[in-house]
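Here is the structure we will look at, set down as structure tokens.
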Amino acid sequence: MRVALTIDTEHPDRPCRPDNPERIAGLLRARGVRASFFLQGRWATAHPAVARALAADAHVIGNHATAHARMTGLTDDGVRATITEAGEAIAGAAGVDPRPWFRCPYGDGMDDARILGLIDELGYRHIGWDIDPNDWDDAVGAGELRARVREGCREHGDGVRVLLHSWPDVTADALPAVLDDLRADGAELVGIDEL
Ligand SMILES: [Zn+2]
């Protein structure tokens with residue numbers, strides 16, 4: 001069973017440890033696990049050393065727009081601007097071109113023909129997810145996050161894409177147990193370019 005951890009990497013929604021992206025990167029590096037990070041453009045500009053380290057660790061680097069605006073609320077030129085500016089910011093910070101990997105903030109626009117057409121025009125394709133264990137939700141603790149990921153992957157089976165975020169404390173706290181569970185279930189952790 002192939003499992004792709006996809007990690008939206010952006011400015012936090014609520015107070016949390018500022019070093020969670022580095023904690024997550026360190027845990028993955030120590031276990032030789034490859035994941036996929038969708039970088040927010042303004043986050044990449046603010047954290048170029050972390051962005052560069054993620055690329056150096058051979059994770060898939062994708063684009064998560066410049067800021068966390070809903071794509072369907074933007075004009076065509078607004079969509080082009082947020083994607084293009086983020087792509088340039090990510091390339092400048094991480095040293096890699098994030099194309100063709102793109103994920104809409106909130107997933108908003110991923111079912112919208114106009115938005116998908118603009119994403120395609122810019123050389124990207126949208127990458128969704130199969131499981132959202134709600135690590136962004138304050139009410140979800142590490143034990144629950146762990147259980148949701150394990151059960152969700154077992155239910156979905158091969159090729160499952162798990163949505164996580166770089167900033168919640170619970171994500172970094174639960175990650176060692178999540179990786180232990182997945183390995184125990186025989187999962188092969190892969191980048192989205194391996195699906
Ligand atoms: Zn996001």
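Chain labels A, B, ... are given in the sequence in which chains occur in the structure tokens; within each chain residues are numbered consecutively from 1, and ligands are likewise numbered from 1 in the order shown.
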Problem set entry | Spatial neighbours of Gly123 in chain A, 12 Å, only C-alpha atoms, chain gap at least 2 places, as a ChimeraX atom specification | /A:63,80,83-84,87,97-102,116-121,125-126
With N, CA, C and O atoms retained, write the just-selected residues as a PDB file, in the first residue's frame.
ATOM      1  N   ASN A  63       3.039  24.021  -4.942  1.00  0.00           N
ATOM      2  CA  ASN A  63       2.631  25.425  -4.803  1.00  0.00           C
ATOM      3  C   ASN A  63       1.255  25.466  -4.118  1.00  0.00           C
ATOM      4  O   ASN A  63       0.331  24.757  -4.532  1.00  0.00           O
ATOM      5  N   ARG A  80      -4.202  33.941 -11.623  1.00  0.00           N
ATOM      6  CA  ARG A  80      -2.875  33.846 -12.266  1.00  0.00           C
ATOM      7  C   ARG A  80      -1.801  34.473 -11.371  1.00  0.00           C
ATOM      8  O   ARG A  80      -0.710  33.926 -11.218  1.00  0.00           O
ATOM      9  N   ILE A  83      -0.887  32.349  -8.155  1.00  0.00           N
ATOM     10  CA  ILE A  83      -0.140  31.123  -8.478  1.00  0.00           C
ATOM     11  C   ILE A  83       1.261  31.467  -8.984  1.00  0.00           C
ATOM     12  O   ILE A  83       2.261  30.885  -8.546  1.00  0.00           O
ATOM     13  N   THR A  84       1.343  32.442  -9.887  1.00  0.00           N
ATOM     14  CA  THR A  84       2.642  32.790 -10.476  1.00  0.00           C
ATOM     15  C   THR A  84       3.586  33.378  -9.432  1.00  0.00           C
ATOM     16  O   THR A  84       4.766  33.025  -9.359  1.00  0.00           O
ATOM     17  N   GLY A  87       4.816  30.679  -7.220  1.00  0.00           N
ATOM     18  CA  GLY A  87       5.810  29.852  -7.904  1.00  0.00           C
ATOM     19  C   GLY A  87       7.184  30.510  -7.904  1.00  0.00           C
ATOM     20  O   GLY A  87       8.203  29.850  -7.672  1.00  0.00           O
ATOM     21  N   ASP A  97      11.542  24.414  -8.992  1.00  0.00           N
ATOM     22  CA  ASP A  97      10.291  24.824  -9.633  1.00  0.00           C
ATOM     23  C   ASP A  97       9.175  23.914  -9.109  1.00  0.00           C
ATOM     24  O   ASP A  97       9.282  22.696  -9.242  1.00  0.00           O
ATOM     25  N   PRO A  98       8.116  24.482  -8.505  1.00  0.00           N
ATOM     26  CA  PRO A  98       7.063  23.620  -7.949  1.00  0.00           C
ATOM     27  C   PRO A  98       6.145  23.006  -9.001  1.00  0.00           C
ATOM     28  O   PRO A  98       5.310  22.166  -8.655  1.00  0.00           O
ATOM     29  N   ARG A  99       6.240  23.433 -10.254  1.00  0.00           N
ATOM     30  CA  ARG A  99       5.366  22.849 -11.275  1.00  0.00           C
ATOM     31  C   ARG A  99       5.667  21.373 -11.449  1.00  0.00           C
ATOM     32  O   ARG A  99       6.850  20.993 -11.389  1.00  0.00           O
ATOM     33  N   PRO A 100       4.673  20.530 -11.676  1.00  0.00           N
ATOM     34  CA  PRO A 100       3.260  20.835 -11.928  1.00  0.00           C
ATOM     35  C   PRO A 100       2.356  20.747 -10.696  1.00  0.00           C
ATOM     36  O   PRO A 100       1.150  20.702 -10.843  1.00  0.00           O
ATOM     37  N   TRP A 101       2.912  20.725  -9.501  1.00  0.00           N
ATOM     38  CA  TRP A 101       2.115  20.387  -8.318  1.00  0.00           C
ATOM     39  C   TRP A 101       1.480  21.627  -7.698  1.00  0.00           C
ATOM     40  O   TRP A 101       2.178  22.535  -7.259  1.00  0.00           O
ATOM     41  N   PHE A 102       0.173  21.639  -7.610  1.00  0.00           N
ATOM     42  CA  PHE A 102      -0.537  22.780  -7.029  1.00  0.00           C
ATOM     43  C   PHE A 102      -1.684  22.279  -6.166  1.00  0.00           C
ATOM     44  O   PHE A 102      -2.344  21.291  -6.493  1.00  0.00           O
ATOM     45  N   LEU A 116      -9.668  25.318 -12.523  1.00  0.00           N
ATOM     46  CA  LEU A 116      -8.828  24.220 -13.020  1.00  0.00           C
ATOM     47  C   LEU A 116      -8.204  24.580 -14.361  1.00  0.00           C
ATOM     48  O   LEU A 116      -7.051  24.224 -14.627  1.00  0.00           O
ATOM     49  N   GLY A 117      -8.950  25.319 -15.200  1.00  0.00           N
ATOM     50  CA  GLY A 117      -8.409  25.742 -16.488  1.00  0.00           C
ATOM     51  C   GLY A 117      -7.231  26.695 -16.317  1.00  0.00           C
ATOM     52  O   GLY A 117      -6.230  26.603 -17.040  1.00  0.00           O
ATOM     53  N   LEU A 118      -7.337  27.594 -15.356  1.00  0.00           N
ATOM     54  CA  LEU A 118      -6.243  28.541 -15.111  1.00  0.00           C
ATOM     55  C   LEU A 118      -5.022  27.820 -14.531  1.00  0.00           C
ATOM     56  O   LEU A 118      -3.876  28.127 -14.884  1.00  0.00           O
ATOM     57  N   ILE A 119      -5.274  26.869 -13.645  1.00  0.00           N
ATOM     58  CA  ILE A 119      -4.169  26.087 -13.075  1.00  0.00           C
ATOM     59  C   ILE A 119      -3.414  25.371 -14.197  1.00  0.00           C
ATOM     60  O   ILE A 119      -2.181  25.399 -14.265  1.00  0.00           O
ATOM     61  N   ASP A 120      -4.174  24.771 -15.110  1.00  0.00           N
ATOM     62  CA  ASP A 120      -3.587  24.053 -16.240  1.00  0.00           C
ATOM     63  C   ASP A 120      -2.806  25.008 -17.154  1.00  0.00           C
ATOM     64  O   ASP A 120      -1.697  24.700 -17.596  1.00  0.00           O
ATOM     65  N   GLU A 121      -3.387  26.182 -17.412  1.00  0.00           N
ATOM     66  CA  GLU A 121      -2.753  27.187 -18.281  1.00  0.00           C
ATOM     67  C   GLU A 121      -1.362  27.564 -17.752  1.00  0.00           C
ATOM     68  O   GLU A 121      -0.447  27.867 -18.528  1.00  0.00           O
ATOM     69  N   ARG A 125      -1.079  21.121 -12.153  1.00  0.00           N
ATOM     70  CA  ARG A 125      -2.315  20.356 -11.994  1.00  0.00           C
ATOM     71  C   ARG A 125      -2.659  20.290 -10.518  1.00  0.00           C
ATOM     72  O   ARG A 125      -1.775  20.284  -9.659  1.00  0.00           O
ATOM     73  N   HIS A 126      -3.958  20.231 -10.242  1.00  0.00           N
ATOM     74  CA  HIS A 126      -4.394  20.260  -8.851  1.00  0.00           C
ATOM     75  C   HIS A 126      -4.262  18.900  -8.200  1.00  0.00           C
ATOM     76  O   HIS A 126      -4.655  17.885  -8.775  1.00  0.00           O
TER      77      HIS A 126
END
For this session: Enumerate as a PyMOL selection string the residues within 7 Å of ligand 1, counting only C-alpha atoms and all ligand atoms.
Result: chain A and resi 8-10+64+68+105-106
For this session: Going by DSSP on the backbone, which bits of range 12-183 of chain A are strand (DSSP E)? Write them as a PyMOL selection string, please.
Result: chain A and resi 36-39+60-63+101-102+125-126+160-165
Residues from last step as file, N, CA and C atoms, as a PDB file, in the first residue's frame:
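Saved result, selection13.pdb, follows:
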ATOM      1  N   SER A  36       5.287  15.139   0.479  1.00  0.00           N
ATOM      2  CA  SER A  36       5.024  16.207  -0.491  1.00  0.00           C
ATOM      3  C   SER A  36       4.576  17.445   0.271  1.00  0.00           C
ATOM      4  N   PHE A  37       5.292  18.544   0.069  1.00  0.00           N
ATOM      5  CA  PHE A  37       5.015  19.791   0.782  1.00  0.00           C
ATOM      6  C   PHE A  37       4.490  20.833  -0.201  1.00  0.00           C
ATOM      7  N   PHE A  38       3.294  21.339   0.088  1.00  0.00           N
ATOM      8  CA  PHE A  38       2.722  22.416  -0.722  1.00  0.00           C
ATOM      9  C   PHE A  38       3.001  23.732  -0.004  1.00  0.00           C
ATOM     10  N   LEU A  39       3.910  24.520  -0.559  1.00  0.00           N
ATOM     11  CA  LEU A  39       4.376  25.725   0.121  1.00  0.00           C
ATOM     12  C   LEU A  39       3.538  26.938  -0.272  1.00  0.00           C
ATOM     13  N   VAL A  60       8.748  16.183  -2.517  1.00  0.00           N
ATOM     14  CA  VAL A  60       8.064  16.882  -3.601  1.00  0.00           C
ATOM     15  C   VAL A  60       7.714  18.276  -3.096  1.00  0.00           C
ATOM     16  N   ILE A  61       8.029  19.293  -3.877  1.00  0.00           N
ATOM     17  CA  ILE A  61       7.706  20.673  -3.514  1.00  0.00           C
ATOM     18  C   ILE A  61       6.613  21.172  -4.452  1.00  0.00           C
ATOM     19  N   GLY A  62       5.466  21.523  -3.863  1.00  0.00           N
ATOM     20  CA  GLY A  62       4.349  22.040  -4.634  1.00  0.00           C
ATOM     21  C   GLY A  62       4.019  23.470  -4.241  1.00  0.00           C
ATOM     22  N   ASN A  63       3.039  24.021  -4.942  1.00  0.00           N
ATOM     23  CA  ASN A  63       2.631  25.425  -4.803  1.00  0.00           C
ATOM     24  C   ASN A  63       1.255  25.466  -4.118  1.00  0.00           C
ATOM     25  N   TRP A 101       2.912  20.725  -9.501  1.00  0.00           N
ATOM     26  CA  TRP A 101       2.115  20.387  -8.318  1.00  0.00           C
ATOM     27  C   TRP A 101       1.480  21.627  -7.698  1.00  0.00           C
ATOM     28  N   PHE A 102       0.173  21.639  -7.610  1.00  0.00           N
ATOM     29  CA  PHE A 102      -0.537  22.780  -7.029  1.00  0.00           C
ATOM     30  C   PHE A 102      -1.684  22.279  -6.166  1.00  0.00           C
ATOM     31  N   ARG A 125      -1.079  21.121 -12.153  1.00  0.00           N
ATOM     32  CA  ARG A 125      -2.315  20.356 -11.994  1.00  0.00           C
ATOM     33  C   ARG A 125      -2.659  20.290 -10.518  1.00  0.00           C
ATOM     34  N   HIS A 126      -3.958  20.231 -10.242  1.00  0.00           N
ATOM     35  CA  HIS A 126      -4.394  20.260  -8.851  1.00  0.00           C
ATOM     36  C   HIS A 126      -4.262  18.900  -8.200  1.00  0.00           C
ATOM     37  N   VAL A 160      -3.363   6.185  -1.294  1.00  0.00           N
ATOM     38  CA  VAL A 160      -4.073   7.165  -0.463  1.00  0.00           C
ATOM     39  C   VAL A 160      -3.211   8.419  -0.235  1.00  0.00           C
ATOM     40  N   ARG A 161      -3.872   9.575  -0.349  1.00  0.00           N
ATOM     41  CA  ARG A 161      -3.203  10.865  -0.097  1.00  0.00           C
ATOM     42  C   ARG A 161      -3.773  11.452   1.198  1.00  0.00           C
ATOM     43  N   VAL A 162      -2.881  11.683   2.155  1.00  0.00           N
ATOM     44  CA  VAL A 162      -3.285  12.171   3.479  1.00  0.00           C
ATOM     45  C   VAL A 162      -2.986  13.667   3.559  1.00  0.00           C
ATOM     46  N   LEU A 163      -3.975  14.444   3.980  1.00  0.00           N
ATOM     47  CA  LEU A 163      -3.790  15.897   4.129  1.00  0.00           C
ATOM     48  C   LEU A 163      -3.334  16.229   5.555  1.00  0.00           C
ATOM     49  N   LEU A 164      -2.171  16.865   5.649  1.00  0.00           N
ATOM     50  CA  LEU A 164      -1.662  17.346   6.933  1.00  0.00           C
ATOM     51  C   LEU A 164      -1.193  18.787   6.751  1.00  0.00           C
ATOM     52  N   HIS A 165      -0.879  19.426   7.860  1.00  0.00           N
ATOM     53  CA  HIS A 165      -0.378  20.801   7.833  1.00  0.00           C
ATOM     54  C   HIS A 165       0.946  20.883   8.581  1.00  0.00           C
TER      55      HIS A 165
END
Problem set entry | Interatomic distance, CA of Ala93 in chain A to CA of Ala55 in chain A (Å, one decimal) |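 Atom-to-atom, CA of Ala93 in chain A to CA of Ala55 in chain A, that is 9.7 Å.
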Exercise. A:Arg31, A:Arg70, A:Arg23, A:His156: which is nearest Leu189 in chain A, counting only C-alpha atoms?
Worked result: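 Closest to Leu189 in chain A, using only C-alpha atoms: A:Arg31.
For the pair CA of Leu27 in chain A and CA of Asp181 in chain A, the interatomic distance is 14.5 Å.
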For this session: Identify, on the basis of only C-alpha atoms, every residue whose closest approach to range 71-79 of chain A does not exceed 8 Å; exclude the query and any residue fewer than 2 positions from it along the same chain; express the result as a list in words.
Result: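 Selected residues are Ala69, Ala81, Thr82, Ile83, Cys104, Pro105, Asp108, Gly109, Asp112, Ile115 and Leu118 of chain A.
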Exercise. A:Pro15, A:Gly191, A:Gly95, A:Gly186: which is nearest Ala56 in chain A, counting only C-alpha atoms?
Worked result: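 Result for the nearest residue to Ala56 in chain A: A:Gly95.
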Problem set entry | Residue neighbourhood Asp173 in chain A, 10 Å, only C-alpha atoms, exclusion window fewer than 6 positions, as a PyMOL selection string | chain A and resi 20+23-24+141-143+145-146
Using the chain letters and numbers from this document, which residues of chain A does DSSP assign to alpha helix (DSSP H), as a PDB file with C-alpha atoms, in the first residue's frame?
ATOM      1  CA  ASN A  20       6.949  22.634  13.861  1.00  0.00           C
ATOM      2  CA  PRO A  21       7.946  22.606  10.172  1.00  0.00           C
ATOM      3  CA  GLU A  22      11.545  21.868  11.182  1.00  0.00           C
ATOM      4  CA  ARG A  23      10.377  19.194  13.649  1.00  0.00           C
ATOM      5  CA  ILE A  24       8.358  17.490  10.911  1.00  0.00           C
ATOM      6  CA  ALA A  25      11.210  17.732   8.423  1.00  0.00           C
ATOM      7  CA  GLY A  26      13.630  16.291  10.992  1.00  0.00           C
ATOM      8  CA  LEU A  27      11.371  13.335  11.808  1.00  0.00           C
ATOM      9  CA  LEU A  28      10.943  12.492   8.127  1.00  0.00           C
ATOM     10  CA  ARG A  29      14.673  12.853   7.484  1.00  0.00           C
ATOM     11  CA  ALA A  30      15.601  10.602  10.429  1.00  0.00           C
ATOM     12  CA  GLY A  41       4.412  31.656  -1.355  1.00  0.00           C
ATOM     13  CA  ARG A  42       4.615  34.135   1.488  1.00  0.00           C
ATOM     14  CA  TRP A  43       5.629  31.336   3.882  1.00  0.00           C
ATOM     15  CA  ALA A  44       8.478  30.351   1.548  1.00  0.00           C
ATOM     16  CA  THR A  45       9.646  33.960   1.401  1.00  0.00           C
ATOM     17  CA  ALA A  46       9.588  34.167   5.208  1.00  0.00           C
ATOM     18  CA  PRO A  48      13.790  30.256   2.906  1.00  0.00           C
ATOM     19  CA  ALA A  49      16.169  28.041   4.912  1.00  0.00           C
ATOM     20  CA  VAL A  50      13.380  25.592   5.812  1.00  0.00           C
ATOM     21  CA  ALA A  51      12.066  25.636   2.248  1.00  0.00           C
ATOM     22  CA  ARG A  52      15.532  24.890   0.915  1.00  0.00           C
ATOM     23  CA  ALA A  53      16.022  22.045   3.417  1.00  0.00           C
ATOM     24  CA  LEU A  54      12.749  20.418   2.320  1.00  0.00           C
ATOM     25  CA  ALA A  55      13.902  20.501  -1.290  1.00  0.00           C
ATOM     26  CA  ALA A  56      17.352  19.201  -0.321  1.00  0.00           C
ATOM     27  CA  ASP A  76      -8.844  35.215 -13.649  1.00  0.00           C
ATOM     28  CA  ASP A  77      -5.931  37.624 -13.337  1.00  0.00           C
ATOM     29  CA  GLY A  78      -6.064  37.314  -9.555  1.00  0.00           C
ATOM     30  CA  VAL A  79      -5.766  33.535  -9.815  1.00  0.00           C
ATOM     31  CA  ARG A  80      -2.875  33.846 -12.266  1.00  0.00           C
ATOM     32  CA  ALA A  81      -1.129  36.325  -9.966  1.00  0.00           C
ATOM     33  CA  THR A  82      -1.417  34.287  -6.764  1.00  0.00           C
ATOM     34  CA  ILE A  83      -0.140  31.123  -8.478  1.00  0.00           C
ATOM     35  CA  THR A  84       2.642  32.790 -10.476  1.00  0.00           C
ATOM     36  CA  GLU A  85       3.901  34.909  -7.580  1.00  0.00           C
ATOM     37  CA  ALA A  86       3.930  31.872  -5.296  1.00  0.00           C
ATOM     38  CA  GLY A  87       5.810  29.852  -7.904  1.00  0.00           C
ATOM     39  CA  GLU A  88       8.475  32.549  -8.123  1.00  0.00           C
ATOM     40  CA  ALA A  89       8.693  32.854  -4.325  1.00  0.00           C
ATOM     41  CA  ILE A  90       9.058  29.085  -3.928  1.00  0.00           C
ATOM     42  CA  ALA A  91      11.670  28.844  -6.671  1.00  0.00           C
ATOM     43  CA  GLY A  92      13.597  31.709  -5.087  1.00  0.00           C
ATOM     44  CA  ALA A  93      13.466  30.232  -1.587  1.00  0.00           C
ATOM     45  CA  ALA A  94      13.664  26.486  -2.179  1.00  0.00           C
ATOM     46  CA  ALA A 113     -13.749  24.396 -14.311  1.00  0.00           C
ATOM     47  CA  ARG A 114     -12.578  28.025 -14.476  1.00  0.00           C
ATOM     48  CA  ILE A 115     -10.042  27.578 -11.695  1.00  0.00           C
ATOM     49  CA  LEU A 116      -8.828  24.220 -13.020  1.00  0.00           C
ATOM     50  CA  GLY A 117      -8.409  25.742 -16.488  1.00  0.00           C
ATOM     51  CA  LEU A 118      -6.243  28.541 -15.111  1.00  0.00           C
ATOM     52  CA  ILE A 119      -4.169  26.087 -13.075  1.00  0.00           C
ATOM     53  CA  ASP A 120      -3.587  24.053 -16.240  1.00  0.00           C
ATOM     54  CA  GLU A 121      -2.753  27.187 -18.281  1.00  0.00           C
ATOM     55  CA  ALA A 142      -2.434  13.340  18.931  1.00  0.00           C
ATOM     56  CA  GLY A 143      -4.126  10.021  19.728  1.00  0.00           C
ATOM     57  CA  GLU A 144      -7.138  10.862  17.619  1.00  0.00           C
ATOM     58  CA  LEU A 145      -5.021  12.144  14.749  1.00  0.00           C
ATOM     59  CA  ARG A 146      -3.013   8.932  14.799  1.00  0.00           C
ATOM     60  CA  ALA A 147      -6.171   6.791  14.757  1.00  0.00           C
ATOM     61  CA  ARG A 148      -7.790   8.811  11.964  1.00  0.00           C
ATOM     62  CA  VAL A 149      -4.757   8.485   9.710  1.00  0.00           C
ATOM     63  CA  ARG A 150      -4.391   4.760  10.329  1.00  0.00           C
ATOM     64  CA  GLU A 151      -8.062   3.945   9.843  1.00  0.00           C
ATOM     65  CA  GLY A 152      -8.384   6.225   6.837  1.00  0.00           C
ATOM     66  CA  CYS A 153      -5.405   4.645   5.072  1.00  0.00           C
ATOM     67  CA  ARG A 154      -6.669   1.128   5.802  1.00  0.00           C
ATOM     68  CA  GLU A 155     -10.107   2.001   4.430  1.00  0.00           C
ATOM     69  CA  HIS A 156      -8.820   3.678   1.286  1.00  0.00           C
ATOM     70  CA  ASP A 169       1.619  21.088  17.364  1.00  0.00           C
ATOM     71  CA  VAL A 170      -0.460  17.911  17.125  1.00  0.00           C
ATOM     72  CA  THR A 171       0.933  17.039  13.703  1.00  0.00           C
ATOM     73  CA  ALA A 172       4.566  17.138  14.800  1.00  0.00           C
ATOM     74  CA  ASP A 173       3.653  15.441  18.110  1.00  0.00           C
ATOM     75  CA  ALA A 174       1.779  12.568  16.448  1.00  0.00           C
ATOM     76  CA  LEU A 175       4.068  12.033  13.463  1.00  0.00           C
ATOM     77  CA  PRO A 176       6.424   9.430  15.011  1.00  0.00           C
ATOM     78  CA  ALA A 177       3.457   7.229  16.006  1.00  0.00           C
ATOM     79  CA  VAL A 178       1.762   7.807  12.634  1.00  0.00           C
ATOM     80  CA  LEU A 179       4.900   6.640  10.839  1.00  0.00           C
ATOM     81  CA  ASP A 180       5.197   3.615  13.154  1.00  0.00           C
ATOM     82  CA  ASP A 181       1.563   2.655  12.438  1.00  0.00           C
ATOM     83  CA  LEU A 182       1.931   2.988   8.695  1.00  0.00           C
ATOM     84  CA  ARG A 183       5.115   0.963   8.636  1.00  0.00           C
ATOM     85  CA  ALA A 184       3.467  -1.713  10.812  1.00  0.00           C
TER      86      ALA A 184
END
Exercise. Interatomic distance between CA of Arg2 in chain A and CA of Gly157 in chain A?
Worked result: 7.8 Å
